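See structure below.
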Amino acid sequence: MFLPILQIHSEDIPSYALVCGDPMRAELISRKLEEARELSFSREYRTFVGRISGVPVAVVSHGVGSAGAAICFEELIRAGVTTLIRVGTAGSYSEENPAGSLIVSTAAVRTDGLTRQLVPDGFPAVGDSRVVEALYEAASEQGGIVRKGITVTLDVFFQGVVDFPHKQFKQAGAVAVEMEIAALYVIASLRGVRAGAIVALDGYADADLAEVYDPNTDVVAQAVEREIQAALQAVVKLSILDGNR
Ligand SMILES: O=P(O)(O)O[C@H]1O[C@H](CO)[C@@H](O)[C@H]1O
Ligand SMILES: O=c1cc[nH]c(=O)[nH]1
C-alpha cells in the first residue's frame with residue numbers, strides 16, 4: 001500500500017516507530033540506527049528506517065501541532081505500525097523539573113481541537129502501560145531527572161488574549177505542556193495500537209515562553225540525546241517482551 005501524505009510504501013515500514021516533531025531530530029535519531037536509510041521527505045514528514053540492536057524501527061517526523069501529526073500517526077498505523085513512541089520537547093510546570101529533565105507521559109489532557117473532532121468529551125488520552133514502563137525504565141538508566149506524569153496537549157504556542165490554562169492544570173497535577181501527545185494517545189486507542197511518549201523539558205511553559213524561551217541550549221540538546229537513547233532502548237525492551245527476539 002502507498003501512503004500518499006508520508007509518501008512511503010507500507011511494505012517498507014516495520015511495526016515499531018519513533019515519531020518526533022522536528023525533521024532534523026528524525027535525522028539525528030536515524031544516525032543511531034544500523035543500516036539507516038531515508039525513505040521520503042514530504043512536507044514536514046521525514047521518514048527513515050533502520051535497526052536498533054537488530055530490531056527494525058521507523059523514525060518519522062510529524063511536524064508541529066495535532067492536526068498535521070494526526071495524519072502521520074494514521075498513515076503509520078495504516079502501514080502496519082503497532083507501537084508508536086513520541087520523542088518530543090515540552091515546557092515544564094514546575095521548578096522541580098527544570099530544563100533538561102525528562103518526562104514520560106502517562107496520559108495527556110485534551111485541550112487540543114483535533115481530538116474533539118475524533119472522540120466525545122471525557123474520553124481519556126492514555127499511554128499504553130507497557131510502553132510507558134519501558135520508556136521510564138530506559139530513561140532512568142540514562143541518568144538525570146526522569147519523571148512519569150500527566151502532560152497537557154495544547155494547540156496554542158504563543159498566547160493570544162485568552163489566558164493559558166497552565167495554572168489550573170498544574171494545580172491538578174499535570175507536569176508539562178506540549179502539542180501532540182493527546183492526538184497520539186487517542187488515535188492509538190481508536191485504531192487499537194499502543195503508544196507512549198517521552199519529552200525533554202526545554203524551559204518553563206509560562207515564564208520562558210513570554211520572556212526568554214530558548215530551546216537551543218546545551219542542556220536541552222543533552223536531554224534530547226538521553227531521551228533518544230531511552231526511546232531506542234525501550235523499543236529493544238518491548239521487542240523482547242513481545243517475543244520478537
Ligand atoms: O519538539 P517537538 O517534538 O516538535 O514537540 C514540541 O515542540 C513543538 C513546539 O516548539 C511542538 O511540536 C511541541 O509539541
Ligand atoms: O509546546 C511546547 C514545546 C516546548 N516547550 C513549550 O513550552 N511548549
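Residues in the C-alpha cells are numbered from 1 in each chain, the chains being A, B, ... in the order shown, and ligands are numbered from 1 in the order shown.
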
For chain A versus ligand 2, which residues have an atom no more than 6 Å away, and what is each residue's nearest atom pair and distance in Å rounded to one decimal, using only C-alpha atoms and all ligand atoms, chain-then-number order, as a Markdown table?
```
| residue | atom | partner | partner_atom_place_in_ligand_line | distance |
| --- | --- | --- | --- | --- |
| A:Thr89 | CA | ligand 2 | 4 (C) | 4.9 |
| A:Ala90 | CA | ligand 2 | 4 (C) | 3.5 |
| A:Gly91 | CA | ligand 2 | 7 (O) | 3.3 |
| A:Phe157 | CA | ligand 2 | 1 (O) | 5.9 |
| A:Val177 | CA | ligand 2 | 8 (N) | 5.6 |
| A:Glu178 | CA | ligand 2 | 1 (O) | 3.5 |
| A:Met179 | CA | ligand 2 | 1 (O) | 5.0 |
| A:Asp202 | CA | ligand 2 | 5 (N) | 5.6 |
| A:Ala205 | CA | ligand 2 | 7 (O) | 4.0 |
```

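The protein and nucleic acid residues lying at most 12 Å from A:Arg51 are Ile13, Pro14, Ser15, Tyr16, Ala17, Leu18, Ile29, Ser30, Arg31, Lys32, Leu33, Glu34, Glu35, Ala36, Arg37, Phe48, Val49, Ser53, Gly54, Val55, Pro56, Val57, Ala58, Val59, Leu232, Gln233, Val235, Val236 and Ser239 of chain A, with only C-alpha atoms considered and sequence neighbours fewer than 2 positions away removed.
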
Item to check | Near-ligand residues for ligand 1, threshold 8 Å, only C-alpha atoms and all ligand atoms, as a PyMOL selection string | outcome: chain A and resi 19-22+62-65+86-90+153+157+177-181+199

Next on the checklist: For stretch 69-73 of chain A, find every residue with an atom within 12 Å (counting only C-alpha atoms), except residues of its own chain fewer than 5 positions away, and show them as a PyMOL selection string.
Outcome noted: chain A and resi 3-8+17-22+42-47+59-64+78-86+112-115+117-118+155+179-191+193-195

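Of the listed residues (A:Pro124, A:His166, A:Tyr204, A:Arg116), A:Arg116 comes nearest to A:Ala67; the distances count only C-alpha atoms.
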
Next on the checklist: Going by DSSP on the backbone, which residues of stretch 25-72 of chain A come out as helix (DSSP H, G or I)? List them as an MDAnalysis selection string.
Outcome noted: chainID A and resid 25:30 66:72

Create the file for the chosen residues now, containing C-alpha atoms and written as a tab-separated table (two decimals), in the first residue's frame.
```tsv
chain	number	residue	atom	x	y	z
A	25	ARG	CA	15.54	15.28	15.10
A	26	ALA	CA	14.33	12.39	12.93
A	27	GLU	CA	17.64	12.55	11.10
A	28	LEU	CA	19.54	12.74	14.41
A	29	ILE	CA	17.74	9.61	15.63
A	30	SER	CA	18.36	7.80	12.35
A	66	SER	CA	-2.00	17.82	16.47
A	67	ALA	CA	-3.81	18.22	13.14
A	68	GLY	CA	-0.76	17.54	10.97
A	69	ALA	CA	0.68	14.99	13.40
A	70	ALA	CA	-2.58	13.02	13.30
A	71	ILE	CA	-2.13	12.42	9.57
A	72	CYS	CA	1.32	10.99	10.27
```

Which residues come within 10 Å of stretch 134-143 of chain A, counting only C-alpha atoms, excluding same-chain residues fewer than 6 positions away, as a PDB file with C-alpha atoms, in the first residue's frame?
```pdb
ATOM      1  CA  ILE A  85       6.715   6.333  20.650  1.00  0.00           C
ATOM      2  CA  SER A 101      14.640  16.904  32.729  1.00  0.00           C
ATOM      3  CA  LEU A 102      12.787  14.057  31.002  1.00  0.00           C
ATOM      4  CA  ILE A 103       9.072  13.340  31.415  1.00  0.00           C
ATOM      5  CA  VAL A 104       7.373  10.099  30.388  1.00  0.00           C
ATOM      6  CA  SER A 105       3.740  10.957  29.660  1.00  0.00           C
ATOM      7  CA  THR A 106       1.301   8.572  31.355  1.00  0.00           C
ATOM      8  CA  GLY A 196       3.883   6.151  24.653  1.00  0.00           C
ATOM      9  CA  ALA A 197       5.746   9.428  24.790  1.00  0.00           C
ATOM     10  CA  ILE A 198       8.861  10.902  26.342  1.00  0.00           C
ATOM     11  CA  ALA A 223      18.330  15.801  27.351  1.00  0.00           C
ATOM     12  CA  GLU A 225      20.147  12.844  23.341  1.00  0.00           C
ATOM     13  CA  ARG A 226      19.156  10.946  26.525  1.00  0.00           C
ATOM     14  CA  GLU A 227      15.506  10.647  25.509  1.00  0.00           C
ATOM     15  CA  ILE A 228      16.518   9.330  22.076  1.00  0.00           C
ATOM     16  CA  GLN A 229      18.658   6.639  23.717  1.00  0.00           C
ATOM     17  CA  ALA A 230      15.795   5.873  26.110  1.00  0.00           C
ATOM     18  CA  ALA A 231      13.234   5.540  23.294  1.00  0.00           C
ATOM     19  CA  LEU A 232      15.524   3.277  21.266  1.00  0.00           C
ATOM     20  CA  GLN A 233      16.259   1.079  24.296  1.00  0.00           C
ATOM     21  CA  ALA A 234      12.518   0.976  25.055  1.00  0.00           C
ATOM     22  CA  VAL A 235      11.977  -0.470  21.564  1.00  0.00           C
ATOM     23  CA  VAL A 236      14.568  -3.156  22.308  1.00  0.00           C
ATOM     24  CA  LYS A 237      12.936  -3.934  25.684  1.00  0.00           C
ATOM     25  CA  LEU A 238       9.462  -4.107  24.118  1.00  0.00           C
ATOM     26  CA  LEU A 241       8.700  -8.677  25.840  1.00  0.00           C
TER      27      LEU A 241
END
```

Checklist entry - Which polymer residues have any atom within 12 Å of an atom of A:Gln159, counting only C-alpha atoms, with same-chain residues fewer than 4 positions away left out, as a list in words? => result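 Here the qualifying residues turn out to be Leu154, Asp155, Asp163, Phe164, Pro165, His166, Ala205, Asp206, Ala207, Leu209 and Ala210 of chain A.
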
Using C-alpha atoms, can you write the selected residues to a file as a PDB file, in the first residue's frame?
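Result went into out-v1.pdb, see below:
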```pdb
ATOM      1  CA  LEU A 154      -2.453  22.440  23.691  1.00  0.00           C
ATOM      2  CA  ASP A 155      -2.780  23.885  20.179  1.00  0.00           C
ATOM      3  CA  ASP A 163      -5.300  33.115  29.268  1.00  0.00           C
ATOM      4  CA  PHE A 164      -3.251  29.931  29.087  1.00  0.00           C
ATOM      5  CA  PRO A 165      -4.788  27.143  31.227  1.00  0.00           C
ATOM      6  CA  HIS A 166      -1.413  26.242  32.773  1.00  0.00           C
ATOM      7  CA  ALA A 205       5.848  26.897  29.906  1.00  0.00           C
ATOM      8  CA  ASP A 206       4.531  30.132  31.361  1.00  0.00           C
ATOM      9  CA  ALA A 207       7.550  32.251  32.165  1.00  0.00           C
ATOM     10  CA  LEU A 209       7.653  31.482  26.531  1.00  0.00           C
ATOM     11  CA  ALA A 210       6.760  35.041  27.480  1.00  0.00           C
TER      12      ALA A 210
END
```

Checklist entry - What's the 10 Å shell around stretch 172-175 of chain A, counting only C-alpha atoms, without same-chain residues fewer than 3 positions away, as a PyMOL selection string? => result chain A and resi 90-94+96-97+103+105+107-109+147-152+166-169
